[in-house]
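Right, one structure below, let's go through it.
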Amino acid sequence: MAEFPRDNSFSRAADAASGGAERIRWDFSAAAARLIMKSAVKYYLRFSEDNVTVLPPADKNKSYLLYLHVPFCLTLCPYCSFHRFKFQEETARRYFSLLRDEMRMTARLGYSFSSAYFGGGTTSILPDELAKTIDLARELFGITEVSCESDPNHIDPQSLMYTEGRIDRLSVGIQTFNDRFLESIGRIKKFGTGAEQYDKVKAILKHFPIVNVDLMYNFPGQTEEDLLEDIRIVRELNPQQVTFYPLMYAPFVGRKLREAIGKPTNENEAKLFSLIMRNMTDPYLQRTSWAFALKKKEFIDEYVVDHSEYVGLGSGAFSFLNGTLYANSFSLQEYAERVAAGMASVVKSTAFGRHSVKQYRMMVEMFGLHAEPPYRPFFEYTALRAVGAVGGSGGHKFITPKGRFLLSVMMKGFYNGMDYIRESMRKDLKGADERICLAGCQEEE
């Protein structure tokens, strides 16, 4: 049986970069940040009733990121809020073919990209199809950097035949090495014990320039000792990047999941965030409120921080262009019909004013630890400084530990808002929307 390595030299000592982390609390400013974000996303993240059928043409003076969505998983995790369906191979293969057609349509609009981010679902659920799609992205757009999400069951030698040499940053969702919590969220049967998942990730570290390990914290009942053990284990594993997400329930399963495993508390989230900051130290450096990278390794961030505009392709993907958020069809059948007819898959949109775009960019860039983002509305930025989110003076300002927690709270609120959008887009889906049937395909009874 696999066992975790032991390292008695593991220390709780904090380095200078985390000074002040022990003072992080769930206080009035954190509660206010949560309330403000909840109100903002409810107000802004609403789609118009008018159908949208096209994306705007590319602006040659702008830099875009390409996001591609693969909405298939072998089994569906109960806490996951992302757009995904139970895997059916025939449908998935048709989908990848249509996704590549949509990429060709996007190239004809004049878009070019240097970076591509594949999200899911499980992006590598069909490694051969993923490889074809990556190769086409490089051919069409001159992509030089590819990031992909995956799970512990799709980083095996068979998958590596198709992904090694094609993917620059592979992010593997472990969530926790604690078997008790893995069992509570239904992952231990799917992916194995924490120790088994550790071994799977260790085996691939040398195969990709950057491997990121995703971990969650603030499970109901999680103690500081529980999280310290996860931190000790991931530091022993020593991947190039580690990302810690606070547990977020998808709205449509929130009540059911709370009944099954309990309700996390805000106070514990603050306490555990402080613990992460105080222990994810040298040789790691914090690069966003949630992500840590080895000093000696180049850091490739998730797309929302470093890219102000992006094009999303695939069912359930979002694009953000010229201050407008676009959503593609969440129905696989409608997505397929639109792409097969030579149409864009976007069906909904909502436009934002210049001030709200500045608010959004300020939030994500400060989440990325940029203390003086180019866009910083005076009132909002002054308020964050007043509560201690920004420290230093002159040209040496920095996001304080308290600020990093407040930005974590705000980003969590933003993602919860996107969850509500996904839920509203999926609520009317029927069984026929979960498969693709075009000419030459036999409808299921």
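Each chain of the structure tokens is named A, B, ... in the order shown, its residues numbered from 1; ligands are numbered from 1 in display order.
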
**Item:** Contact residues around segment 208-214 of chain A with only C-alpha atoms at 6 Å, ignoring same-chain residues under 4 positions, as number ranges by chain
**Value:** A: 168-175, 239-243

Store the residues of this selection in a file with N, CA, C and O atoms, as a CSV table (one decimal), in the first residue's frame.
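This is the output file part_20.csv:
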```
chain,number,residue,atom,x,y,z
A,168,ASP,N,2.1,22.7,-21.6
A,168,ASP,CA,3.1,23.4,-20.9
A,168,ASP,C,2.8,23.5,-19.4
A,168,ASP,O,3.7,23.5,-18.5
A,169,ARG,N,1.5,23.6,-19.1
A,169,ARG,CA,1.1,23.7,-17.6
A,169,ARG,C,-0.1,22.7,-17.5
A,169,ARG,O,-1.2,22.9,-18.0
A,170,LEU,N,0.1,21.7,-16.7
A,170,LEU,CA,-0.9,20.7,-16.4
A,170,LEU,C,-1.4,20.9,-14.9
A,170,LEU,O,-0.6,20.8,-14.0
A,171,SER,N,-2.7,21.2,-14.8
A,171,SER,CA,-3.2,21.4,-13.4
A,171,SER,C,-4.1,20.1,-13.0
A,171,SER,O,-5.0,19.8,-13.7
A,172,VAL,N,-3.7,19.5,-11.9
A,172,VAL,CA,-4.3,18.2,-11.5
A,172,VAL,C,-5.1,18.5,-10.2
A,172,VAL,O,-4.6,18.9,-9.2
A,173,GLY,N,-6.4,18.2,-10.3
A,173,GLY,CA,-7.3,18.4,-9.2
A,173,GLY,C,-7.2,17.2,-8.2
A,173,GLY,O,-7.7,16.2,-8.4
A,174,ILE,N,-6.5,17.5,-7.1
A,174,ILE,CA,-6.4,16.5,-6.0
A,174,ILE,C,-7.4,16.8,-4.9
A,174,ILE,O,-8.1,15.9,-4.4
A,175,GLN,N,-7.6,18.0,-4.6
A,175,GLN,CA,-8.5,18.6,-3.6
A,175,GLN,C,-8.0,18.4,-2.1
A,175,GLN,O,-8.0,19.3,-1.4
A,239,PRO,N,5.5,20.0,-6.3
A,239,PRO,CA,5.2,20.4,-7.7
A,239,PRO,C,5.6,21.9,-7.9
A,239,PRO,O,5.8,22.6,-7.0
A,240,GLN,N,5.6,22.2,-9.2
A,240,GLN,CA,6.1,23.6,-9.5
A,240,GLN,C,5.1,24.6,-9.1
A,240,GLN,O,5.4,25.8,-8.8
A,241,GLN,N,3.8,24.3,-9.0
A,241,GLN,CA,2.8,25.2,-8.5
A,241,GLN,C,1.8,24.5,-7.6
A,241,GLN,O,1.5,23.3,-7.8
A,242,VAL,N,1.2,25.2,-6.6
A,242,VAL,CA,0.1,24.7,-5.8
A,242,VAL,C,-0.9,25.8,-5.7
A,242,VAL,O,-0.6,26.9,-5.5
A,243,THR,N,-2.2,25.4,-5.9
A,243,THR,CA,-3.3,26.3,-5.8
A,243,THR,C,-4.3,25.8,-4.7
A,243,THR,O,-4.7,24.7,-4.7
```

Quick one: DSSP strand (DSSP E or B) residues in segment 22-203 of chain A, as a PDB file with C-alpha atoms, in the first residue's frame?
```
ATOM      1  CA  TYR A  64      -6.547  37.705 -26.313  1.00  0.00           C
ATOM      2  CA  LEU A  65      -6.449  34.343 -24.608  1.00  0.00           C
ATOM      3  CA  LEU A  66      -8.201  31.302 -26.082  1.00  0.00           C
ATOM      4  CA  TYR A  67     -10.315  29.230 -23.671  1.00  0.00           C
ATOM      5  CA  LEU A  68     -11.646  25.844 -24.802  1.00  0.00           C
ATOM      6  CA  HIS A  69     -14.202  23.903 -22.762  1.00  0.00           C
ATOM      7  CA  VAL A  70     -14.446  20.102 -22.631  1.00  0.00           C
ATOM      8  CA  PHE A  72     -17.296  15.593 -20.008  1.00  0.00           C
ATOM      9  CA  CYS A  73     -16.461  13.563 -16.905  1.00  0.00           C
ATOM     10  CA  PHE A  85     -22.027  15.915 -18.619  1.00  0.00           C
ATOM     11  CA  LYS A  86     -21.581  12.207 -17.992  1.00  0.00           C
ATOM     12  CA  PHE A 113      -3.727  33.929 -29.536  1.00  0.00           C
ATOM     13  CA  SER A 114      -0.410  33.159 -27.902  1.00  0.00           C
ATOM     14  CA  SER A 115      -1.960  31.200 -25.006  1.00  0.00           C
ATOM     15  CA  ALA A 116      -4.678  28.558 -24.808  1.00  0.00           C
ATOM     16  CA  TYR A 117      -6.386  27.255 -21.679  1.00  0.00           C
ATOM     17  CA  PHE A 118      -8.339  23.982 -21.777  1.00  0.00           C
ATOM     18  CA  GLY A 119     -10.894  23.652 -18.979  1.00  0.00           C
ATOM     19  CA  GLY A 120     -13.592  21.182 -18.104  1.00  0.00           C
ATOM     20  CA  GLU A 145       1.666  28.157 -24.386  1.00  0.00           C
ATOM     21  CA  VAL A 146      -0.963  25.553 -23.483  1.00  0.00           C
ATOM     22  CA  SER A 147      -2.531  25.057 -20.049  1.00  0.00           C
ATOM     23  CA  CYS A 148      -4.778  22.101 -19.294  1.00  0.00           C
ATOM     24  CA  GLU A 149      -6.827  20.852 -16.368  1.00  0.00           C
ATOM     25  CA  SER A 150      -6.997  17.142 -15.588  1.00  0.00           C
ATOM     26  CA  ARG A 169       1.084  23.676 -17.646  1.00  0.00           C
ATOM     27  CA  LEU A 170      -0.937  20.712 -16.380  1.00  0.00           C
ATOM     28  CA  SER A 171      -3.230  21.361 -13.427  1.00  0.00           C
ATOM     29  CA  VAL A 172      -4.297  18.235 -11.512  1.00  0.00           C
ATOM     30  CA  GLY A 173      -7.272  18.394  -9.159  1.00  0.00           C
ATOM     31  CA  ILE A 174      -6.376  16.484  -5.990  1.00  0.00           C
ATOM     32  CA  GLN A 175      -8.511  18.597  -3.573  1.00  0.00           C
TER      33      GLN A 175
END
```

**Neighbour list for Met343 of chain A as a ChimeraX atom specification, cut-off 8 Å, only C-alpha atoms, skip fewer than 3 positions in-chain** = /A:53-54,338-340

**Nearest candidate to Arg93 of chain A (options A:Phe367, A:Lys348, A:Pro71, A:Met105; using only C-alpha atoms)** = A:Pro71

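The spacing separating atom CA of Phe219 of chain A from atom CA of Arg278 of chain A amounts to 19.2 Å.
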
**Complete:** If you count only C-alpha atoms, the residue of A:Pro401, A:Gly316, A:Gly262, A:Gly353 closest to Glu423 of chain A turns out to be A:Gly316

**Message:** Write out as a PyMOL selection string the set of residues from segment 230-375 of chain A that DSSP, computed on the backbone, places in helix (DSSP H, G or I).
**Reply:** chain A and resi 230-237+251-261+266-279+303-306+332-340+354-367

C-alpha atoms of the current selection, written as a PDB file, in the first residue's frame:
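Below you can see selection13.pdb, which holds the result:
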```
ATOM      1  CA  ASP A 230      -2.052  18.549   3.399  1.00  0.00           C
ATOM      2  CA  ILE A 231       0.499  21.367   3.237  1.00  0.00           C
ATOM      3  CA  ARG A 232       3.279  19.105   4.505  1.00  0.00           C
ATOM      4  CA  ILE A 233       2.435  16.450   1.923  1.00  0.00           C
ATOM      5  CA  VAL A 234       2.220  18.818  -1.044  1.00  0.00           C
ATOM      6  CA  ARG A 235       5.499  20.475  -0.055  1.00  0.00           C
ATOM      7  CA  GLU A 236       7.103  17.049   0.064  1.00  0.00           C
ATOM      8  CA  LEU A 237       5.667  16.307  -3.378  1.00  0.00           C
ATOM      9  CA  PRO A 251     -25.769  26.580  -5.942  1.00  0.00           C
ATOM     10  CA  PHE A 252     -27.826  23.682  -7.279  1.00  0.00           C
ATOM     11  CA  VAL A 253     -26.252  21.167  -4.880  1.00  0.00           C
ATOM     12  CA  GLY A 254     -25.547  23.493  -1.953  1.00  0.00           C
ATOM     13  CA  ARG A 255     -28.356  22.378   0.351  1.00  0.00           C
ATOM     14  CA  LYS A 256     -27.933  18.682  -0.465  1.00  0.00           C
ATOM     15  CA  LEU A 257     -24.177  18.815   0.054  1.00  0.00           C
ATOM     16  CA  ARG A 258     -24.471  20.789   3.287  1.00  0.00           C
ATOM     17  CA  GLU A 259     -26.844  18.127   4.594  1.00  0.00           C
ATOM     18  CA  ALA A 260     -24.390  15.406   3.597  1.00  0.00           C
ATOM     19  CA  ILE A 261     -21.075  16.825   4.817  1.00  0.00           C
ATOM     20  CA  ASN A 266     -16.331  31.922   7.377  1.00  0.00           C
ATOM     21  CA  GLU A 267     -14.275  32.072  10.570  1.00  0.00           C
ATOM     22  CA  ASN A 268     -12.564  28.778   9.793  1.00  0.00           C
ATOM     23  CA  GLU A 269     -11.911  29.898   6.214  1.00  0.00           C
ATOM     24  CA  ALA A 270     -10.025  32.937   7.511  1.00  0.00           C
ATOM     25  CA  LYS A 271      -8.069  30.860  10.030  1.00  0.00           C
ATOM     26  CA  LEU A 272      -7.072  28.285   7.412  1.00  0.00           C
ATOM     27  CA  PHE A 273      -6.164  30.953   4.839  1.00  0.00           C
ATOM     28  CA  SER A 274      -3.790  32.417   7.422  1.00  0.00           C
ATOM     29  CA  LEU A 275      -2.316  28.968   7.983  1.00  0.00           C
ATOM     30  CA  ILE A 276      -1.658  28.515   4.265  1.00  0.00           C
ATOM     31  CA  MET A 277       0.116  31.863   4.000  1.00  0.00           C
ATOM     32  CA  ARG A 278       2.299  31.105   7.017  1.00  0.00           C
ATOM     33  CA  ASN A 279       3.368  27.688   5.737  1.00  0.00           C
ATOM     34  CA  TYR A 303      -6.385  33.302 -17.646  1.00  0.00           C
ATOM     35  CA  VAL A 304      -8.605  35.749 -15.744  1.00  0.00           C
ATOM     36  CA  VAL A 305      -5.678  37.511 -14.048  1.00  0.00           C
ATOM     37  CA  ASP A 306      -3.255  38.070 -16.887  1.00  0.00           C
ATOM     38  CA  LEU A 332     -24.698  19.900 -26.617  1.00  0.00           C
ATOM     39  CA  GLN A 333     -27.320  19.373 -29.315  1.00  0.00           C
ATOM     40  CA  GLU A 334     -27.875  23.096 -29.891  1.00  0.00           C
ATOM     41  CA  TYR A 335     -24.117  23.698 -29.799  1.00  0.00           C
ATOM     42  CA  ALA A 336     -23.621  21.028 -32.457  1.00  0.00           C
ATOM     43  CA  GLU A 337     -26.407  22.339 -34.695  1.00  0.00           C
ATOM     44  CA  ARG A 338     -25.084  25.895 -34.577  1.00  0.00           C
ATOM     45  CA  VAL A 339     -21.484  24.968 -35.328  1.00  0.00           C
ATOM     46  CA  ALA A 340     -22.495  22.526 -38.070  1.00  0.00           C
ATOM     47  CA  ARG A 354     -16.758  51.285 -18.343  1.00  0.00           C
ATOM     48  CA  HIS A 355     -16.797  51.731 -14.573  1.00  0.00           C
ATOM     49  CA  SER A 356     -17.913  48.164 -13.868  1.00  0.00           C
ATOM     50  CA  VAL A 357     -15.194  46.842 -16.202  1.00  0.00           C
ATOM     51  CA  LYS A 358     -12.630  48.863 -14.240  1.00  0.00           C
ATOM     52  CA  GLN A 359     -14.006  47.422 -10.994  1.00  0.00           C
ATOM     53  CA  TYR A 360     -13.654  43.892 -12.376  1.00  0.00           C
ATOM     54  CA  ARG A 361     -10.126  44.430 -13.670  1.00  0.00           C
ATOM     55  CA  MET A 362      -9.047  46.027 -10.392  1.00  0.00           C
ATOM     56  CA  MET A 363     -10.361  43.019  -8.457  1.00  0.00           C
ATOM     57  CA  VAL A 364      -8.688  40.334 -10.565  1.00  0.00           C
ATOM     58  CA  GLU A 365      -5.370  42.188 -10.818  1.00  0.00           C
ATOM     59  CA  MET A 366      -5.252  42.832  -7.078  1.00  0.00           C
ATOM     60  CA  PHE A 367      -6.174  39.165  -6.601  1.00  0.00           C
TER      61      PHE A 367
END
```

**Message:** Using only C-alpha atoms for the distances, tell me which of A:Ile188, A:Leu98, A:Leu74, A:Val346 is nearest to His154 of chain A.
**Reply:**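 Result for the nearest residue to His154 of chain A: A:Leu74.
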
**Message:** List the spatial neighbours of Asn238 of chain A as a PyMOL selection string - criterion: any atom at most 12 Å away, only C-alpha atoms, same-chain residues fewer than 6 positions off excluded.
**Reply:** chain A and resi 5+198+201-202+204-206+210-213+231-232+280+282-284+292-295+297

**Request:** Kindly indicate which residue among A:Pro56, A:Leu182, A:Leu215, A:Val41 lies nearest to Gly323 of chain A, using only C-alpha atoms for the distances.
**Result:**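 Smallest separation from Gly323 of chain A among the options: A:Pro56.
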
**Prompt:** Interatomic distance between atom CA of Glu309 of chain A and atom CA of Phe378 of chain A?
**Reply:**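 Atom CA of Phe378 of chain A lies at a distance of 22.7 Å from atom CA of Glu309 of chain A.
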
**Prompt:** Suppose you want the space between atom CA of Glu225 of chain A and atom CA of Pro246 of chain A; what is it in Å?
**Reply:** 16.6 Å
